[in-house]
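> Contents are PDB, C-alpha atoms, pLDDT in the B column; file name target.pdb:
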ATOM      1  CA  MET A  26      23.303  28.375  63.077  1.00 48.00           C
ATOM      2  CA  SER A  27      19.891  26.844  62.648  1.00 47.00           C
ATOM      3  CA  ASP A  28      19.871  23.052  62.709  1.00 50.00           C
ATOM      4  CA  VAL A  29      17.572  22.894  59.669  1.00 57.00           C
ATOM      5  CA  GLN A  30      19.381  21.069  56.838  1.00 80.00           C
ATOM      6  CA  LEU A  31      22.757  21.173  58.573  1.00 82.00           C
ATOM      7  CA  ASN A  32      24.975  18.118  58.602  1.00 85.00           C
ATOM      8  CA  GLU A  33      26.089  16.299  61.744  1.00 88.00           C
ATOM      9  CA  THR A  34      29.606  17.805  61.700  1.00 86.00           C
ATOM     10  CA  VAL A  35      28.196  21.338  61.656  1.00 88.00           C
ATOM     11  CA  ARG A  36      25.720  20.580  64.450  1.00 88.00           C
ATOM     12  CA  LYS A  37      28.397  18.907  66.582  1.00 89.00           C
ATOM     13  CA  ASN A  38      30.896  21.786  66.275  1.00 89.00           C
ATOM     14  CA  SER A  39      28.454  24.703  66.504  1.00 90.00           C
ATOM     15  CA  SER A  40      29.148  27.080  69.391  1.00 94.00           C
ATOM     16  CA  PRO A  41      26.209  29.229  70.580  1.00 94.00           C
ATOM     17  CA  SER A  42      28.527  31.744  72.283  1.00 96.00           C
ATOM     18  CA  VAL A  43      30.658  32.155  69.147  1.00 97.00           C
ATOM     19  CA  ASN A  44      27.493  32.426  67.023  1.00 96.00           C
ATOM     20  CA  ALA A  45      26.270  35.277  69.247  1.00 97.00           C
ATOM     21  CA  TRP A  46      29.668  36.974  69.027  1.00 98.00           C
ATOM     22  CA  LEU A  47      29.711  36.567  65.230  1.00 98.00           C
ATOM     23  CA  SER A  48      26.265  38.085  64.750  1.00 98.00           C
ATOM     24  CA  ALA A  49      27.354  41.152  66.731  1.00 98.00           C
ATOM     25  CA  PHE A  50      30.685  41.332  64.835  1.00 98.00           C
ATOM     26  CA  VAL A  51      28.963  41.246  61.433  1.00 98.00           C
ATOM     27  CA  GLU A  52      26.470  43.898  62.534  1.00 97.00           C
ATOM     28  CA  ARG A  53      29.202  46.161  63.992  1.00 97.00           C
ATOM     29  CA  HIS A  54      30.981  46.253  60.664  1.00 97.00           C
ATOM     30  CA  GLY A  55      27.957  46.577  58.378  1.00 96.00           C
ATOM     31  CA  GLY A  56      28.415  43.154  56.818  1.00 96.00           C
ATOM     32  CA  PHE A  57      25.693  40.643  56.094  1.00 94.00           C
ATOM     33  CA  VAL A  58      27.429  37.258  56.303  1.00 96.00           C
ATOM     34  CA  GLY A  59      30.165  35.858  58.486  1.00 97.00           C
ATOM     35  CA  SER A  60      31.898  32.721  59.704  1.00 97.00           C
ATOM     36  CA  VAL A  61      34.281  31.532  62.385  1.00 98.00           C
ATOM     37  CA  HIS A  62      36.565  28.537  61.960  1.00 96.00           C
ATOM     38  CA  LEU A  63      38.693  27.271  64.857  1.00 95.00           C
ATOM     39  CA  ALA A  64      41.934  25.315  64.781  1.00 93.00           C
ATOM     40  CA  GLU A  65      40.706  23.306  67.796  1.00 87.00           C
ATOM     41  CA  PRO A  66      39.019  20.745  67.802  1.00 75.00           C
ATOM     42  CA  ALA A  67      40.154  20.246  64.186  1.00 76.00           C
ATOM     43  CA  GLU A  68      42.497  17.528  63.005  1.00 80.00           C
ATOM     44  CA  GLU A  69      46.013  18.496  61.919  1.00 87.00           C
ATOM     45  CA  GLY A  70      45.855  20.457  58.665  1.00 93.00           C
ATOM     46  CA  GLU A  71      42.207  21.477  59.077  1.00 95.00           C
ATOM     47  CA  ILE A  72      40.024  24.135  60.654  1.00 96.00           C
ATOM     48  CA  VAL A  73      36.400  23.574  61.682  1.00 94.00           C
ATOM     49  CA  LEU A  74      33.380  25.833  61.363  1.00 95.00           C
ATOM     50  CA  VAL A  75      31.881  26.721  64.738  1.00 96.00           C
ATOM     51  CA  ALA A  76      29.740  29.721  63.767  1.00 97.00           C
ATOM     52  CA  ALA A  77      28.012  31.078  60.674  1.00 96.00           C
ATOM     53  CA  HIS A  78      25.866  34.170  60.240  1.00 96.00           C
ATOM     54  CA  ASN A  79      23.322  34.435  57.408  1.00 94.00           C
ATOM     55  CA  LEU A  80      24.978  31.735  55.266  1.00 92.00           C
ATOM     56  CA  PRO A  81      22.850  29.237  53.310  1.00 90.00           C
ATOM     57  CA  PRO A  82      22.905  25.642  54.636  1.00 90.00           C
ATOM     58  CA  GLY A  83      24.789  24.432  51.554  1.00 88.00           C
ATOM     59  CA  VAL A  84      27.630  26.877  52.191  1.00 89.00           C
ATOM     60  CA  VAL A  85      27.684  26.047  55.917  1.00 90.00           C
ATOM     61  CA  ASN A  86      27.773  22.297  55.251  1.00 91.00           C
ATOM     62  CA  GLY A  87      30.507  22.718  52.643  1.00 89.00           C
ATOM     63  CA  ALA A  88      32.614  24.790  55.035  1.00 91.00           C
ATOM     64  CA  ALA A  89      32.156  22.459  58.036  1.00 93.00           C
ATOM     65  CA  VAL A  90      35.744  21.233  57.810  1.00 93.00           C
ATOM     66  CA  VAL A  91      38.227  23.220  55.733  1.00 94.00           C
ATOM     67  CA  VAL A  92      41.596  21.911  54.652  1.00 94.00           C
ATOM     68  CA  ILE A  93      44.321  24.450  55.318  1.00 95.00           C
ATOM     69  CA  GLY A  94      45.214  25.968  51.949  1.00 95.00           C
ATOM     70  CA  LYS A  95      41.715  25.527  50.419  1.00 93.00           C
ATOM     71  CA  GLY A  96      39.205  28.362  50.060  1.00 90.00           C
ATOM     72  CA  MET A  97      39.455  31.788  51.660  1.00 93.00           C
ATOM     73  CA  ALA A  98      39.494  30.527  55.258  1.00 95.00           C
ATOM     74  CA  GLY A  99      41.957  27.756  54.452  1.00 95.00           C
ATOM     75  CA  VAL A 100      44.341  30.051  52.563  1.00 95.00           C
ATOM     76  CA  THR A 101      44.153  32.585  55.401  1.00 97.00           C
ATOM     77  CA  ALA A 102      45.076  29.789  57.830  1.00 96.00           C
ATOM     78  CA  GLU A 103      47.943  28.707  55.594  1.00 96.00           C
ATOM     79  CA  ARG A 104      49.375  32.189  54.963  1.00 96.00           C
ATOM     80  CA  LYS A 105      48.506  33.460  58.455  1.00 97.00           C
ATOM     81  CA  GLU A 106      47.481  36.782  56.964  1.00 97.00           C
ATOM     82  CA  PRO A 107      44.196  38.460  56.031  1.00 97.00           C
ATOM     83  CA  ILE A 108      42.748  38.005  52.569  1.00 95.00           C
ATOM     84  CA  GLY A 109      40.415  40.539  51.026  1.00 94.00           C
ATOM     85  CA  LEU A 110      38.508  40.035  47.788  1.00 90.00           C
ATOM     86  CA  THR A 111      36.870  42.976  46.029  1.00 88.00           C
ATOM     87  CA  ASP A 112      34.099  40.776  44.618  1.00 83.00           C
ATOM     88  CA  LEU A 113      33.783  37.138  45.599  1.00 80.00           C
ATOM     89  CA  GLN A 114      31.232  36.631  42.819  1.00 81.00           C
ATOM     90  CA  THR A 115      33.658  37.515  40.018  1.00 82.00           C
ATOM     91  CA  ASP A 116      37.013  36.677  41.625  1.00 76.00           C
ATOM     92  CA  THR A 117      39.336  34.637  39.417  1.00 75.00           C
ATOM     93  CA  SER A 118      42.335  34.401  41.790  1.00 81.00           C
ATOM     94  CA  GLY A 119      41.460  30.827  42.731  1.00 74.00           C
ATOM     95  CA  VAL A 120      41.425  31.670  46.449  1.00 80.00           C
ATOM     96  CA  ALA A 121      37.637  31.504  46.775  1.00 75.00           C
ATOM     97  CA  ARG A 122      36.002  28.160  46.061  1.00 73.00           C
ATOM     98  CA  PRO A 123      32.990  28.214  43.671  1.00 69.00           C
ATOM     99  CA  PRO A 124      30.464  27.080  46.347  1.00 70.00           C
ATOM    100  CA  ALA A 125      31.324  30.198  48.383  1.00 71.00           C
ATOM    101  CA  ARG A 126      29.549  32.260  45.724  1.00 70.00           C
ATOM    102  CA  LEU A 127      26.255  30.879  47.058  1.00 67.00           C
ATOM    103  CA  SER A 128      26.761  33.126  50.100  1.00 75.00           C
ATOM    104  CA  GLY A 129      25.756  36.119  47.980  1.00 73.00           C
ATOM    105  CA  SER A 130      28.721  38.020  49.379  1.00 81.00           C
ATOM    106  CA  LYS A 131      30.708  40.346  47.165  1.00 88.00           C
ATOM    107  CA  GLY A 132      33.353  42.237  49.149  1.00 88.00           C
ATOM    108  CA  SER A 133      34.820  39.573  51.462  1.00 94.00           C
ATOM    109  CA  VAL A 134      37.628  39.407  53.969  1.00 96.00           C
ATOM    110  CA  THR A 135      39.027  36.581  56.109  1.00 97.00           C
ATOM    111  CA  LEU A 136      41.079  37.389  59.196  1.00 98.00           C
ATOM    112  CA  PRO A 137      43.486  35.171  61.134  1.00 98.00           C
ATOM    113  CA  VAL A 138      43.330  35.262  64.931  1.00 98.00           C
ATOM    114  CA  PHE A 139      46.373  34.179  66.913  1.00 96.00           C
ATOM    115  CA  ASP A 140      46.914  32.896  70.438  1.00 95.00           C
ATOM    116  CA  PRO A 141      48.007  35.926  72.478  1.00 94.00           C
ATOM    117  CA  ALA A 142      50.251  33.699  74.626  1.00 94.00           C
ATOM    118  CA  THR A 143      51.924  32.033  71.619  1.00 93.00           C
ATOM    119  CA  PRO A 144      52.528  34.511  68.791  1.00 85.00           C
ATOM    120  CA  GLY A 145      52.103  32.930  65.374  1.00 90.00           C
ATOM    121  CA  ARG A 146      49.887  30.085  66.652  1.00 94.00           C
ATOM    122  CA  LEU A 147      46.642  30.303  64.697  1.00 95.00           C
ATOM    123  CA  VAL A 148      43.511  29.902  66.812  1.00 96.00           C
ATOM    124  CA  ALA A 149      40.724  31.066  64.480  1.00 97.00           C
ATOM    125  CA  VAL A 150      39.806  32.451  61.078  1.00 98.00           C
ATOM    126  CA  VAL A 151      36.970  34.983  61.014  1.00 98.00           C
ATOM    127  CA  GLY A 152      35.160  35.703  57.747  1.00 97.00           C
ATOM    128  CA  LEU A 153      33.146  38.828  56.975  1.00 97.00           C
ATOM    129  CA  GLY A 154      31.171  39.487  53.792  1.00 95.00           C
ATOM    130  CA  PHE A 155      29.429  42.536  52.394  1.00 95.00           C
ATOM    131  CA  PRO A 156      26.596  42.771  49.853  1.00 94.00           C
ATOM    132  CA  GLN A 157      28.514  45.181  47.648  1.00 95.00           C
ATOM    133  CA  ALA A 158      31.857  44.886  45.872  1.00 94.00           C
ATOM    134  CA  ARG A 159      34.521  46.931  47.606  1.00 93.00           C
ATOM    135  CA  GLU A 160      38.219  47.512  48.006  1.00 93.00           C
ATOM    136  CA  PHE A 161      39.491  47.001  51.544  1.00 95.00           C
ATOM    137  CA  THR A 162      42.006  49.503  52.889  1.00 96.00           C
ATOM    138  CA  ASP A 163      44.851  48.367  55.116  1.00 96.00           C
ATOM    139  CA  GLU A 164      43.273  50.404  57.923  1.00 97.00           C
ATOM    140  CA  GLU A 165      39.920  48.610  57.558  1.00 96.00           C
ATOM    141  CA  ILE A 166      41.553  45.190  57.547  1.00 97.00           C
ATOM    142  CA  GLU A 167      43.578  46.135  60.616  1.00 97.00           C
ATOM    143  CA  ARG A 168      40.431  47.376  62.412  1.00 97.00           C
ATOM    144  CA  TYR A 169      38.474  44.214  61.512  1.00 98.00           C
ATOM    145  CA  GLY A 170      41.430  42.078  62.575  1.00 97.00           C
ATOM    146  CA  LYS A 171      41.745  43.768  65.980  1.00 97.00           C
ATOM    147  CA  ASP A 172      38.018  43.304  66.580  1.00 98.00           C
ATOM    148  CA  ALA A 173      38.190  39.671  65.382  1.00 98.00           C
ATOM    149  CA  GLU A 174      40.602  38.961  68.245  1.00 97.00           C
ATOM    150  CA  SER A 175      37.662  39.416  70.637  1.00 97.00           C
ATOM    151  CA  VAL A 176      36.302  36.059  69.420  1.00 97.00           C
ATOM    152  CA  LEU A 177      38.728  34.441  71.841  1.00 95.00           C
ATOM    153  CA  ALA A 178      36.559  35.523  74.762  1.00 94.00           C
ATOM    154  CA  ALA A 179      33.563  33.713  73.223  1.00 94.00           C
ATOM    155  CA  ALA A 180      35.361  30.574  72.043  1.00 87.00           C
TER     156      ALA A 180
END
Before anything else, please render the file you have as structure tokens.

Amino acid sequence: MSDVQLNETVRKNSSPSVNAWLSAFVERHGGFVGSVHLAEPAEEGEIVLVAAHNLPPGVVNGAAVVVIGKGMAGVTAERKEPIGLTDLQTDTSGVARPPARLSGSKGSVTLPVFDPATPGRLVAVVGLGFPQAREFTDEEIERYGKDAESVLAAA
């Protein structure tokens, strides 16, 4: 994340190693935007943004601290399951928050990552966005989810 126009919370929580991991993750899967939120060092009921790839500063600042249950990352954290949207720009499910549309992403997926030592304990939420609308197959979501687990080595 570039420090230009980013708020203090984003700058304080940014992780260079997770940013590097995220850039490679997005590239591996042919996406164009991505994000990583961690449960630590967040307060209870929140997750914090530690990495963003190709997201506008307004989206990054708005996603700096996410309340569990709000927006794609927050709902993924709450449900502890992946969420895929065919087209973030036209989605009416209420899962995606309107500011997220500024990302330019259409097909979007958020993936929960759990502590391997404590099953069910959420550690991270990884977001991946594509420039085109698309349906996600169960196999794709499973593949993205398995790869998202590798963020733990960078965090």
> Selected by the PyMOL selection byres ((chain A and resi 115) around 12) in the shown coordinates: which residues, as a ChimeraX atom specification?
/A:110-114,116-123,125-126,129-133,157-158
> To one decimal in Å, tell me the separation between CA of Gly56 in chain A and CA of Phe155 in chain A.
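Going from CA of Gly56 in chain A over to CA of Phe155 in chain A covers 4.6 Å.
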> Which residues would end up in the selection if the PyMOL selection byres ((chain A and resi 137) around 8) were applied here, given that I need the answer as a list of chain:residue names?
A:Thr101, A:Ala102, A:Lys105, A:Glu106, A:Pro107, A:Thr135, A:Leu136, A:Val138, A:Phe139, A:Leu147, A:Val148, A:Ala149, A:Val150, A:Val151, A:Gly170
> Give me, please, the distance in Å between CA of Val90 in chain A and CA of Glu71 in chain A, quoted to one decimal.
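For CA of Val90 in chain A relative to CA of Glu71 in chain A, the distance reads 6.6 Å.
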> Can you list, as a ChimeraX atom specification, the residues that the PyMOL selection byres ((chain A and resi 58) around 9) selects here?
/A:48,51,56-57,59-60,77-80,128-130,152-156
> So that I can see what lies close to Glu33 in chain A, please list as a PDB file with C-alpha atoms, in the frame of the given file the residues with an atom at most 10 Å from it, counting all atoms listed in the file and leaving out residues fewer than 5 positions away in the same chain.

ATOM      1  CA  ASP A  28      19.871  23.052  62.709  1.00 50.00           C
ATOM      2  CA  ASN A  38      30.896  21.786  66.275  1.00 89.00           C
ATOM      3  CA  SER A  39      28.454  24.703  66.504  1.00 90.00           C
ATOM      4  CA  ASN A  86      27.773  22.297  55.251  1.00 91.00           C
ATOM      5  CA  ALA A  89      32.156  22.459  58.036  1.00 93.00           C
TER       6      ALA A  89
END
> From the list A:Asn44, A:Arg53, A:Val35, A:Gly109, which residue is nearest Val84 in chain A when using only C-alpha atoms?
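Counting only C-alpha atoms, the residue closest to Val84 in chain A is A:Val35.
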> Provide the CA of Pro41 in chain A to CA of Ala98 in chain A distance in Å, to one decimal place.
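Between CA of Pro41 in chain A and CA of Ala98 in chain A the gap is 20.3 Å.
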